[in-house]
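Student: protein_6.csv is reproduced below (CSV, C-alpha atoms).
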chain,number,residue,atom,x,y,z
A,97,MET,CA,76.6,123.4,112.8
A,98,TYR,CA,76.3,123.3,109.0
A,99,LYS,CA,78.8,126.1,108.4
A,100,LYS,CA,82.2,125.0,107.3
A,101,ILE,CA,83.9,123.5,110.4
A,102,LEU,CA,87.3,125.1,111.2
A,103,ALA,CA,87.8,123.9,114.7
A,104,LEU,CA,88.6,120.2,114.5
A,105,SER,CA,89.0,117.8,117.4
A,106,VAL,CA,92.1,116.4,115.8
A,107,ALA,CA,92.5,112.7,116.2
A,108,GLY,CA,96.2,112.7,115.8
A,109,LEU,CA,98.8,115.0,117.4
A,110,LEU,CA,102.5,115.1,117.6
A,111,LEU,CA,103.4,112.8,120.5
A,112,PHE,CA,106.9,114.0,121.3
A,113,SER,CA,109.2,116.6,119.9
A,114,CYS,CA,112.4,118.1,121.2
A,115,SER,CA,111.6,121.1,119.0
A,116,ASP,CA,109.2,122.0,117.3
A,117,THR,CA,98.8,109.7,99.3
A,118,GLU,CA,98.1,107.6,96.8
A,119,MET,CA,97.2,103.9,96.7
A,120,ALA,CA,100.6,102.3,97.1
A,121,ASP,CA,102.3,99.0,96.2
A,122,SER,CA,106.0,99.4,96.8
A,123,ASN,CA,108.9,101.9,96.8
A,124,PRO,CA,110.3,103.0,93.4
A,125,THR,CA,113.6,101.2,92.7
A,126,GLU,CA,116.5,103.0,94.3
A,127,THR,CA,120.2,102.4,94.1
A,128,GLN,CA,121.3,100.4,97.1
A,129,ILE,CA,123.4,102.3,99.6
A,130,LYS,CA,125.8,101.0,102.1
A,131,ASN,CA,124.8,102.1,105.6
A,132,ASP,CA,127.4,104.1,107.6
A,133,PRO,CA,128.9,101.6,110.1
A,134,ALA,CA,128.7,103.9,113.1
A,135,LEU,CA,124.9,104.4,112.5
A,136,THR,CA,124.5,100.7,111.9
A,137,SER,CA,126.2,100.1,115.3
A,138,LEU,CA,123.7,102.5,116.9
A,139,GLY,CA,120.9,100.4,115.5
A,140,LEU,CA,119.0,103.5,114.3
A,141,LYS,CA,115.5,102.3,113.2
A,142,ILE,CA,112.0,103.5,112.4
A,143,THR,CA,109.3,101.3,113.9
A,144,ALA,CA,105.5,101.3,113.9
A,145,ASP,CA,103.2,100.1,116.6
A,146,LYS,CA,101.2,98.1,114.0
A,147,SER,CA,102.1,96.3,110.8
A,148,GLY,CA,98.6,96.7,109.4
A,149,VAL,CA,95.9,99.4,109.9
A,150,ASN,CA,92.5,100.3,108.4
A,151,ILE,CA,92.3,103.6,106.5
A,152,PHE,CA,92.1,106.6,108.8
A,153,GLU,CA,93.1,104.4,111.7
A,154,ASN,CA,95.9,105.9,113.9
A,155,ILE,CA,99.4,104.5,113.6
A,156,ASP,CA,102.3,105.6,115.7
A,157,PHE,CA,105.9,105.7,114.3
A,158,LYS,CA,108.9,105.9,116.5
A,159,LEU,CA,112.6,106.6,116.0
A,160,SER,CA,114.6,104.1,118.1
A,161,GLN,CA,118.1,102.9,118.7
A,162,LYS,CA,119.7,99.7,120.0
A,163,ASN,CA,120.3,100.9,123.5
A,164,GLN,CA,116.7,102.1,123.8
A,165,SER,CA,117.9,105.6,124.9
A,166,THR,CA,115.6,108.6,124.1
A,167,TYR,CA,118.7,110.8,123.6
A,168,PHE,CA,119.5,111.3,120.0
A,169,GLY,CA,122.0,114.1,120.2
A,170,ILE,CA,124.7,111.7,119.2
A,171,LEU,CA,123.3,111.7,115.6
A,172,ALA,CA,124.9,115.1,115.1
A,173,ASP,CA,128.3,113.3,115.1
A,174,TYR,CA,127.3,111.4,112.0
A,175,LEU,CA,124.3,113.2,110.2
A,176,ASP,CA,123.2,116.6,109.1
A,177,VAL,CA,119.6,115.6,108.4
A,178,LEU,CA,117.4,112.6,108.9
A,179,THR,CA,114.1,112.4,106.9
A,180,PHE,CA,110.9,110.4,107.1
A,181,LYS,CA,109.2,109.2,103.9
A,182,ILE,CA,106.4,106.9,102.8
A,183,SER,CA,106.5,105.1,99.4
A,184,ASN,CA,104.2,106.5,96.7
A,185,THR,CA,103.5,109.5,98.9
A,186,GLU,CA,104.6,113.1,98.1
A,187,GLY,CA,106.6,115.0,100.6
A,188,GLU,CA,108.9,114.1,103.5
A,189,LYS,CA,109.4,115.2,107.1
A,190,ILE,CA,112.7,116.2,108.7
A,191,ILE,CA,112.9,114.3,112.0
A,192,PHE,CA,116.5,115.2,112.8
A,193,GLU,CA,118.5,118.3,111.8
A,194,LYS,CA,121.8,119.6,113.0
A,195,THR,CA,121.7,123.4,113.1
A,196,GLN,CA,123.9,126.2,114.4
A,197,ASN,CA,121.6,126.7,117.4
A,198,GLY,CA,121.6,123.0,118.3
A,199,ASN,CA,119.8,119.9,117.2
A,200,SER,CA,116.1,119.5,116.2
A,201,VAL,CA,114.7,116.1,116.7
A,202,THR,CA,111.2,114.5,116.6
A,203,THR,CA,111.3,111.0,117.9
A,204,SER,CA,107.6,109.9,117.7
A,205,PHE,CA,104.6,111.0,115.8
A,206,ASN,CA,101.4,109.5,114.5
A,207,TYR,CA,99.9,109.2,111.0
A,208,HIS,CA,96.6,108.5,109.2
A,209,PHE,CA,96.7,106.8,105.8
A,210,TYR,CA,94.1,108.3,103.3
A,211,TYR,CA,94.4,105.4,100.8
A,212,PRO,CA,94.7,101.6,101.2
A,213,GLY,CA,97.8,99.9,99.9
A,214,ASN,CA,101.1,98.3,100.9
A,215,TYR,CA,103.5,101.0,102.0
A,216,THR,CA,107.2,101.1,102.7
A,217,VAL,CA,108.0,103.6,105.5
A,218,SER,CA,111.6,104.7,105.6
A,219,ILE,CA,114.1,107.0,107.3
A,220,GLU,CA,117.1,108.4,105.2
A,221,GLY,CA,120.2,110.0,106.7
A,222,PHE,CA,122.3,112.6,104.9
A,223,LYS,CA,125.8,113.9,105.5
A,224,ASP,CA,127.2,116.7,103.3
A,225,GLY,CA,124.3,116.1,100.9
A,226,LYS,CA,125.1,112.4,100.5
A,227,LYS,CA,122.7,109.7,101.7
A,228,ILE,CA,124.6,107.5,104.1
A,229,TYR,CA,121.9,105.6,106.0
A,230,THR,CA,118.5,104.2,105.5
A,231,ASP,CA,116.1,102.0,107.4
A,232,GLN,CA,112.6,100.7,106.5
A,233,THR,CA,109.5,99.1,107.8
A,234,SER,CA,106.3,98.0,106.0
A,235,VAL,CA,102.7,98.8,106.7
A,236,ASN,CA,99.6,97.2,105.0
A,237,VAL,CA,96.6,99.5,104.9
A,238,THR,CA,93.2,98.1,104.2
A,239,ASP,CA,89.8,99.6,103.6
A,240,ASN,CA,87.1,97.9,105.8
A,241,ASN,CA,85.0,101.1,106.1
A,242,ASP,CA,81.8,102.0,104.2
A,243,PHE,CA,82.8,105.6,103.4
A,244,LEU,CA,86.4,106.7,104.1
A,245,ALA,CA,86.6,107.0,107.9
A,246,VAL,CA,83.0,106.0,108.5
A,247,ASN,CA,81.0,102.8,108.9
A,248,TRP,CA,77.2,103.1,108.7
A,249,ASN,CA,76.6,100.2,111.0
A,250,GLY,CA,76.7,101.4,114.6
A,251,PHE,CA,76.9,105.0,113.3
A,252,THR,CA,76.8,107.7,116.0
A,253,ALA,CA,76.5,111.5,115.9
A,254,THR,CA,79.4,113.7,116.9
A,255,ASP,CA,79.4,117.1,118.6
A,256,THR,CA,82.4,118.4,116.7
A,257,ALA,CA,84.4,117.4,113.6
A,258,THR,CA,87.2,114.9,114.0
A,259,GLY,CA,90.3,115.6,112.0
A,260,TYR,CA,92.7,113.0,110.7
A,261,ASN,CA,96.1,114.6,110.4
A,262,ASN,CA,98.7,113.4,107.9
A,263,ILE,CA,102.2,115.0,108.4
A,264,LEU,CA,103.2,114.5,104.8
A,265,GLN,CA,100.3,116.5,103.4
A,266,LYS,CA,99.5,120.2,103.7
A,267,ASN,CA,95.9,119.6,104.7
A,268,THR,CA,93.6,117.7,107.1
A,269,LEU,CA,90.2,116.1,106.4
A,270,GLY,CA,87.6,116.6,109.0
A,271,PHE,CA,84.5,114.4,109.5
A,272,PHE,CA,81.2,115.5,111.2
A,273,ASN,CA,78.6,112.8,111.9
A,274,GLY,CA,75.0,113.8,112.2
A,275,PHE,CA,71.3,112.7,111.8
A,276,GLU,CA,68.5,114.4,110.0
A,277,ASN,CA,65.0,112.9,110.6
A,278,GLN,CA,66.8,109.8,112.0
A,279,HIS,CA,68.8,109.4,108.7
A,280,PRO,CA,72.6,109.4,109.2
A,281,TYR,CA,74.9,111.7,107.2
A,282,VAL,CA,78.5,112.8,107.2
A,283,LEU,CA,80.0,116.2,106.3
A,284,VAL,CA,83.6,116.2,105.2
A,285,THR,CA,85.6,119.4,105.2
A,286,ASN,CA,89.2,120.2,104.2
A,287,ILE,CA,91.5,122.4,106.2
A,288,TRP,CA,94.8,123.7,104.9
A,289,ASP,CA,97.7,123.8,107.4
A,290,ASN,CA,98.7,127.3,106.3
A,291,MET,CA,95.3,128.6,105.4
A,292,TYR,CA,96.1,132.2,106.3
A,293,SER,CA,98.8,132.2,103.6
A,294,TYR,CA,96.0,132.1,100.9
A,295,THR,CA,93.1,134.3,100.0
A,296,ASP,CA,89.6,133.1,100.5
A,297,THR,CA,89.2,132.7,96.7
A,298,GLN,CA,92.3,130.5,96.6
A,299,ILE,CA,91.2,128.3,99.4
A,300,LYS,CA,87.8,127.7,97.8
A,301,GLN,CA,89.4,126.7,94.5
A,302,MET,CA,92.0,124.5,96.3
A,303,ASP,CA,89.3,122.8,98.3
A,304,LYS,CA,87.3,122.1,95.2
A,305,GLU,CA,90.3,120.6,93.3
A,306,TYR,CA,91.5,118.6,96.3
A,307,LEU,CA,88.2,117.1,97.3
A,308,TYR,CA,87.2,116.2,93.7
A,309,ASN,CA,90.6,114.7,92.9
A,310,TYR,CA,90.6,112.7,96.1
A,311,LEU,CA,87.1,111.3,95.6
A,312,ALA,CA,87.7,110.6,91.9
A,313,LYS,CA,90.9,108.7,92.7
A,314,TYR,CA,89.2,106.7,95.4
A,315,TYR,CA,85.8,106.0,93.7
A,316,SER,CA,86.7,106.7,90.1
A,317,ALA,CA,84.7,109.1,87.9
A,318,PRO,CA,81.5,110.7,89.3
A,319,THR,CA,78.1,109.1,88.5
A,320,TYR,CA,76.7,112.6,87.8
A,321,SER,CA,78.4,115.9,87.2
A,322,GLU,CA,77.3,119.5,86.7
A,323,GLY,CA,76.8,120.5,83.1
A,324,ASN,CA,75.3,117.2,81.8
A,325,THR,CA,72.3,116.9,84.1
A,326,ASP,CA,70.1,118.9,86.6
A,327,MET,CA,72.2,118.2,89.7
A,328,LYS,CA,69.7,119.4,92.3
A,329,ASP,CA,67.1,117.0,90.8
A,330,ARG,CA,69.7,114.2,90.9
A,331,TYR,CA,70.5,115.0,94.5
A,332,THR,CA,66.9,115.0,95.7
A,333,GLN,CA,66.2,111.8,93.8
A,334,ASN,CA,69.0,110.0,95.6
A,335,PHE,CA,69.7,111.7,99.0
A,336,LYS,CA,67.7,112.2,102.2
A,337,LYS,CA,69.8,115.0,103.6
A,338,SER,CA,68.3,118.4,102.9
A,339,ILE,CA,70.6,121.0,101.3
A,340,LYS,CA,68.7,124.3,101.3
A,341,ASN,CA,70.7,126.7,99.1
A,342,ASP,CA,73.7,124.4,98.4
A,343,ILE,CA,74.4,123.2,94.9
A,344,PRO,CA,75.7,119.7,94.0
A,345,VAL,CA,78.8,119.7,91.8
A,346,ASN,CA,79.5,116.0,91.5
A,347,ILE,CA,77.7,112.9,92.8
A,348,TRP,CA,79.1,109.4,93.3
A,349,ILE,CA,76.7,106.4,93.9
A,350,THR,CA,78.6,103.4,95.3
A,351,THR,CA,77.4,100.1,96.6
A,352,LYS,CA,77.6,101.4,100.2
A,353,SER,CA,77.3,105.1,100.0
A,354,LYS,CA,75.9,108.1,98.2
A,355,ILE,CA,78.5,111.0,98.0
A,356,ALA,CA,78.1,114.5,96.8
A,357,LEU,CA,80.7,117.3,96.4
A,358,MET,CA,78.7,120.4,97.3
A,359,LYS,CA,79.1,124.1,96.6
A,360,GLN,CA,78.0,125.4,100.0
A,361,TYR,CA,76.0,128.6,100.5
A,362,SER,CA,74.6,130.2,103.6
A,363,SER,CA,71.2,128.7,104.6
A,364,THR,CA,69.8,132.2,105.2
A,365,ASP,CA,71.6,134.1,102.4
A,366,PRO,CA,71.7,132.2,99.0
A,367,SER,CA,74.1,134.8,97.6
A,368,LEU,CA,76.8,134.1,100.3
A,369,PHE,CA,79.1,131.4,98.9
A,370,ILE,CA,80.9,129.6,101.8
A,371,GLY,CA,83.0,127.0,100.1
A,372,TYR,CA,83.1,123.3,99.2
A,373,ILE,CA,82.2,120.4,101.4
A,374,VAL,CA,81.3,116.7,100.9
A,375,ILE,CA,78.0,115.1,102.0
A,376,ALA,CA,77.7,111.3,102.3
A,377,GLU,CA,75.0,109.0,103.5
A,378,PRO,CA,74.2,105.2,103.3
A,379,ASN,CA,73.0,103.7,100.0
A,380,ASN,CA,70.0,102.0,101.3
Take the structure in the file and give it back as structure tokens.

Tutor:
Amino acid sequence: MYKKILALSVAGLLLFSCSDTEMADSNPTETQIKNDPALTSLGLKITADKSGVNIFENIDFKLSQKNQSTYFGILADYLDVLTFKISNTEGEKIIFEKTQNGNSVTTSFNYHFYYPGNYTVSIEGFKDGKKIYTDQTSVNVTDNNDFLAVNWNGFTATDTATGYNNILQKNTLGFFNGFENQHPYVLVTNIWDNMYSYTDTQIKQMDKEYLYNYLAKYYSAPTYSEGNTDMKDRYTQNFKKSIKNDIPVNIWITTKSKIALMKQYSSTDPSLFIGYIVIAEPNN
């Protein structure tokens, strides 16, 4: 159970396809474009099932048109590519593409925001490399949780990790809830989408950098870090969860939670380095 969890019970999956994050405030200023009249007549829009969500809460996005038809092949008459983007978030997803072998279109999909903020969600259509159409909707993302996807009040254990996918990122965060001696704890793991494209050493380093940067951005600088204190002593002074051979790298103490980025080793072989995980528990 305590080994790095690779099999995630993913909370969000692609809902329909004909083929196959930062704290945000607003979109960067862009030159206004005049939408193509034919696409305007179609009423091509991106919609969300909610105007506001909590972090890690599922939100569904849908491509729609005025006549409510689920057939989008007509887009090939006007567009080469249609992309999906979110303000202040790296990456984009192609949701329509005209190819020699036919059209590829994704009409609905879900998303989990990893940071709170006010986001602008948009679609952008291109023809011959020129942007000719855009549509937008807004989503307000709040943080009403105690630790990322978790609330300590009403906390329950899980049999498997729950993954919160994010189609604009190359990774998924997984959360496993458990109890030790009746004390709740959470293990957070990171899974890369194309993990078999990297070596084990590369994945470990990527995990360390991603998890540290994510927590430092969310909770600011760590309270304690390796190199300036005895981290195992700091851990045992603050945490109830046992760690056996694991070594704390960074510790954050917040008003609601105690969080540690851990260098994880086998519980039976202290020389076997498994990777990096995050442990969190209530601050009470």

Student: If we count all atoms listed in the file and set the cut-off at 9 Å, which residues sit around A:Ser367, ignoring sequence neighbours fewer than 4 positions away in its own chain? Please answer as a list of chain:residue names.

Tutor: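 So, after excluding close chain neighbours, the residues are A:Asn341, A:Tyr361, A:Ser362.
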
Student: So how many Å separate atom CA of A:Thr202 and atom CA of A:Tyr310, to one decimal?

Tutor: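 One can read the atom CA of A:Thr202 to atom CA of A:Tyr310 distance as 29.1 Å.
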
Student: Find the residues around A:Asp239 up to 12 Å (only C-alpha atoms counted), leave out those fewer than 6 positions away in its own chain, and share them as a ChimeraX atom specification.

Tutor: /A:119,148-153,209-214,245-247,314

Student: Out of A:Val217, A:Ile228, A:Val177, A:Met327, which residue has the shortest atom-to-atom distance to A:Thr136 when counting only C-alpha atoms?

Tutor: A:Ile228

Student: Expressed in Å to a single decimal, how great is the separation between atom CA of A:Ser218 and atom CA of A:Gly187?

Tutor: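 These two atoms are separated by 12.5 Å.
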
Student: Starting from the point (82.9, 126.9, 99.8), work out which residues of protein, DNA or RNA have an atom no more than 7 Å away when counting all atoms listed in the file; state them as an mmCIF file with C-alpha atoms, keeping the file's coordinate frame.

Tutor:
data_model
loop_
_atom_site.group_PDB
_atom_site.id
_atom_site.type_symbol
_atom_site.label_atom_id
_atom_site.label_comp_id
_atom_site.auth_asym_id
_atom_site.auth_seq_id
_atom_site.Cartn_x
_atom_site.Cartn_y
_atom_site.Cartn_z
ATOM 1 C CA LYS A 300 87.800 127.700 97.800
ATOM 2 C CA LYS A 359 79.100 124.100 96.600
ATOM 3 C CA GLN A 360 78.000 125.400 100.000
ATOM 4 C CA PHE A 369 79.100 131.400 98.900
ATOM 5 C CA ILE A 370 80.900 129.600 101.800
ATOM 6 C CA GLY A 371 83.000 127.000 100.100
ATOM 7 C CA TYR A 372 83.100 123.300 99.200
ATOM 8 C CA ILE A 373 82.200 120.400 101.400
#

Student: If we count all atoms listed in the file and set the cut-off at 7 Å, which residues sit around A:Thr230, ignoring sequence neighbours fewer than 2 positions away in its own chain? Please answer as a list of chain:residue names.

Tutor: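 Answer for this query is A:Asn131, A:Ser218, A:Ile219, A:Glu220, A:Gly221, A:Gln232.
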
Student: Could you turn the residues from that selection into a file that holds C-alpha atoms, as a compact mmCIF listing (two decimals), in the frame of the given file?

Tutor:
# COMPACT_ATOMS: atom_id res chain seq x y z
CA ASN A 131 124.80 102.10 105.60
CA SER A 218 111.60 104.70 105.60
CA ILE A 219 114.10 107.00 107.30
CA GLU A 220 117.10 108.40 105.20
CA GLY A 221 120.20 110.00 106.70
CA GLN A 232 112.60 100.70 106.50

Student: Please identify all polymer residues within 8 Å of A:Ser321, counting all atoms listed in the file, omitting same-chain residues fewer than 5 positions from it, and present them as a list in words.

Tutor: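 Skipping anything fewer than 5 positions along the chain leaves Met327, Val345, Asn346 and Ile347 of chain A.
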
Student: Quick one: residues within 9 Å of A:His208, all atoms listed in the file, excluding same-chain residues fewer than 3 positions away - as a PyMOL selection string?

Tutor: chain A and resi 108+151-155+260-263

Student: How would the residues just chosen look if you wrote them out with C-alpha atoms as an mmCIF file, in the coordinates of the input?

Tutor:
data_model
loop_
_atom_site.group_PDB
_atom_site.id
_atom_site.type_symbol
_atom_site.label_atom_id
_atom_site.label_comp_id
_atom_site.auth_asym_id
_atom_site.auth_seq_id
_atom_site.Cartn_x
_atom_site.Cartn_y
_atom_site.Cartn_z
ATOM 1 C CA GLY A 108 96.200 112.700 115.800
ATOM 2 C CA ILE A 151 92.300 103.600 106.500
ATOM 3 C CA PHE A 152 92.100 106.600 108.800
ATOM 4 C CA GLU A 153 93.100 104.400 111.700
ATOM 5 C CA ASN A 154 95.900 105.900 113.900
ATOM 6 C CA ILE A 155 99.400 104.500 113.600
ATOM 7 C CA TYR A 260 92.700 113.000 110.700
ATOM 8 C CA ASN A 261 96.100 114.600 110.400
ATOM 9 C CA ASN A 262 98.700 113.400 107.900
ATOM 10 C CA ILE A 263 102.200 115.000 108.400
#

Student: Take the point (78.2, 114.8, 94.3) in the file's coordinates, draw a sphere of radius 8 Å around it, and report as a ChimeraX atom specification every protein, DNA or RNA residue with an atom inside or on it, counting all atoms listed in the file.

Tutor: /A:318,320-321,331,344-348,355-358,374-375

Student: Counting all atoms listed in the file, which residue out of A:Thr166, A:Thr203, A:Thr143, A:Thr364 sits closest to A:Ile191?

Tutor: A:Thr203

Student: Could you state the separation of atom CA of A:Asp156 and atom CA of A:Phe205 in Å, given to one decimal place?

Tutor: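 Interatomic distance here is 5.9 Å.
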
Student: Restricting the calculation to only C-alpha atoms, which member of A:Thr216, A:Gly250, A:Ser316, A:Asp224 is positioned closest to A:Thr185?

Tutor: A:Thr216

Student: Pick from A:Leu264, A:Ala144, A:Ala134, A:Leu307: nearest to A:Asp289, with all atoms listed in the file counted?

Tutor: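 With all atoms listed in the file as the atom set, the closest residue is A:Leu264.
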
Student: Write stretch 278-312 of chain A as an mmCIF file, keeping the file's coordinate frame, completed to N, CA and C atoms.

Tutor:
data_model
loop_
_atom_site.group_PDB
_atom_site.id
_atom_site.type_symbol
_atom_site.label_atom_id
_atom_site.label_comp_id
_atom_site.auth_asym_id
_atom_site.auth_seq_id
_atom_site.Cartn_x
_atom_site.Cartn_y
_atom_site.Cartn_z
ATOM 1 N N GLN A 278 66.326 111.187 111.632
ATOM 2 C CA GLN A 278 66.800 109.800 112.000
ATOM 3 C C GLN A 278 67.615 109.188 110.850
ATOM 4 N N HIS A 279 67.967 109.937 109.822
ATOM 5 C CA HIS A 279 68.800 109.400 108.700
ATOM 6 C C HIS A 279 70.243 109.898 108.949
ATOM 7 N N PRO A 280 71.220 108.999 108.953
ATOM 8 C CA PRO A 280 72.600 109.400 109.200
ATOM 9 C C PRO A 280 73.218 110.100 107.967
ATOM 10 N N TYR A 281 74.129 111.012 108.241
ATOM 11 C CA TYR A 281 74.900 111.700 107.200
ATOM 12 C C TYR A 281 76.242 112.087 107.729
ATOM 13 N N VAL A 282 77.173 112.327 106.831
ATOM 14 C CA VAL A 282 78.500 112.800 107.200
ATOM 15 C C VAL A 282 78.828 114.030 106.368
ATOM 16 N N LEU A 283 79.415 115.039 107.011
ATOM 17 C CA LEU A 283 80.000 116.200 106.300
ATOM 18 C C LEU A 283 81.486 116.091 106.374
ATOM 19 N N VAL A 284 82.129 116.231 105.237
ATOM 20 C CA VAL A 284 83.600 116.200 105.200
ATOM 21 C C VAL A 284 84.094 117.556 104.739
ATOM 22 N N THR A 285 84.985 118.130 105.518
ATOM 23 C CA THR A 285 85.600 119.400 105.200
ATOM 24 C C THR A 285 87.096 119.236 105.047
ATOM 25 N N ASN A 286 87.705 120.170 104.359
ATOM 26 C CA ASN A 286 89.200 120.200 104.200
ATOM 27 C C ASN A 286 89.743 121.410 104.800
ATOM 28 N N ILE A 287 90.803 121.243 105.579
ATOM 29 C CA ILE A 287 91.500 122.400 106.200
ATOM 30 C C ILE A 287 92.934 122.376 105.803
ATOM 31 N N TRP A 288 93.409 123.513 105.277
ATOM 32 C CA TRP A 288 94.800 123.700 104.900
ATOM 33 C C TRP A 288 95.637 124.089 106.095
ATOM 34 N N ASP A 289 96.837 123.518 106.208
ATOM 35 C CA ASP A 289 97.700 123.800 107.400
ATOM 36 C C ASP A 289 98.024 125.300 107.466
ATOM 37 N N ASN A 290 98.352 125.909 106.331
ATOM 38 C CA ASN A 290 98.700 127.300 106.300
ATOM 39 C C ASN A 290 97.647 128.144 105.628
ATOM 40 N N MET A 291 96.414 127.985 106.086
ATOM 41 C CA MET A 291 95.300 128.600 105.400
ATOM 42 C C MET A 291 95.354 130.116 105.340
ATOM 43 N N TYR A 292 96.037 130.713 106.312
ATOM 44 C CA TYR A 292 96.100 132.200 106.300
ATOM 45 C C TYR A 292 97.125 132.712 105.319
ATOM 46 N N SER A 293 97.818 131.799 104.642
ATOM 47 C CA SER A 293 98.800 132.200 103.600
ATOM 48 C C SER A 293 98.051 132.372 102.251
ATOM 49 N N TYR A 294 96.758 132.024 102.210
ATOM 50 C CA TYR A 294 96.000 132.100 100.900
ATOM 51 C C TYR A 294 94.813 133.023 101.098
ATOM 52 N N THR A 295 94.337 133.498 99.959
ATOM 53 C CA THR A 295 93.100 134.300 100.000
ATOM 54 C C THR A 295 91.912 133.350 100.065
ATOM 55 N N ASP A 296 90.775 133.919 100.390
ATOM 56 C CA ASP A 296 89.600 133.100 100.500
ATOM 57 C C ASP A 296 89.218 132.468 99.135
ATOM 58 N N THR A 297 89.429 133.189 98.067
ATOM 59 C CA THR A 297 89.200 132.700 96.700
ATOM 60 C C THR A 297 90.095 131.485 96.417
ATOM 61 N N GLN A 298 91.356 131.624 96.788
ATOM 62 C CA GLN A 298 92.300 130.500 96.600
ATOM 63 C C GLN A 298 91.946 129.292 97.349
ATOM 64 N N ILE A 299 91.548 129.475 98.598
ATOM 65 C CA ILE A 299 91.200 128.300 99.400
ATOM 66 C C ILE A 299 89.999 127.591 98.852
ATOM 67 N N LYS A 300 89.004 128.324 98.404
ATOM 68 C CA LYS A 300 87.800 127.700 97.800
ATOM 69 C C LYS A 300 88.172 126.863 96.596
ATOM 70 N N GLN A 301 89.016 127.410 95.736
ATOM 71 C CA GLN A 301 89.400 126.700 94.500
ATOM 72 C C GLN A 301 90.283 125.474 94.894
ATOM 73 N N MET A 302 91.179 125.642 95.859
ATOM 74 C CA MET A 302 92.000 124.500 96.300
ATOM 75 C C MET A 302 91.191 123.419 96.920
ATOM 76 N N ASP A 303 90.199 123.796 97.713
ATOM 77 C CA ASP A 303 89.300 122.800 98.300
ATOM 78 C C ASP A 303 88.560 122.019 97.242
ATOM 79 N N LYS A 304 88.021 122.743 96.267
ATOM 80 C CA LYS A 304 87.300 122.100 95.200
ATOM 81 C C LYS A 304 88.139 121.075 94.469
ATOM 82 N N GLU A 305 89.351 121.489 94.099
ATOM 83 C CA GLU A 305 90.300 120.600 93.300
ATOM 84 C C GLU A 305 90.694 119.425 94.184
ATOM 85 N N TYR A 306 91.044 119.676 95.453
ATOM 86 C CA TYR A 306 91.500 118.600 96.300
ATOM 87 C C TYR A 306 90.411 117.554 96.548
ATOM 88 N N LEU A 307 89.241 118.022 96.960
ATOM 89 C CA LEU A 307 88.200 117.100 97.300
ATOM 90 C C LEU A 307 87.704 116.309 96.069
ATOM 91 N N TYR A 308 87.602 116.974 94.920
ATOM 92 C CA TYR A 308 87.200 116.200 93.700
ATOM 93 C C TYR A 308 88.259 115.199 93.344
ATOM 94 N N ASN A 309 89.521 115.602 93.297
ATOM 95 C CA ASN A 309 90.600 114.700 92.900
ATOM 96 C C ASN A 309 90.693 113.493 93.864
ATOM 97 N N TYR A 310 90.510 113.772 95.152
ATOM 98 C CA TYR A 310 90.600 112.700 96.100
ATOM 99 C C TYR A 310 89.450 111.681 95.927
ATOM 100 N N LEU A 311 88.229 112.160 95.783
ATOM 101 C CA LEU A 311 87.100 111.300 95.600
ATOM 102 C C LEU A 311 87.149 110.541 94.253
ATOM 103 N N ALA A 312 87.592 111.240 93.205
ATOM 104 C CA ALA A 312 87.700 110.600 91.900
ATOM 105 C C ALA A 312 88.760 109.523 91.877
#
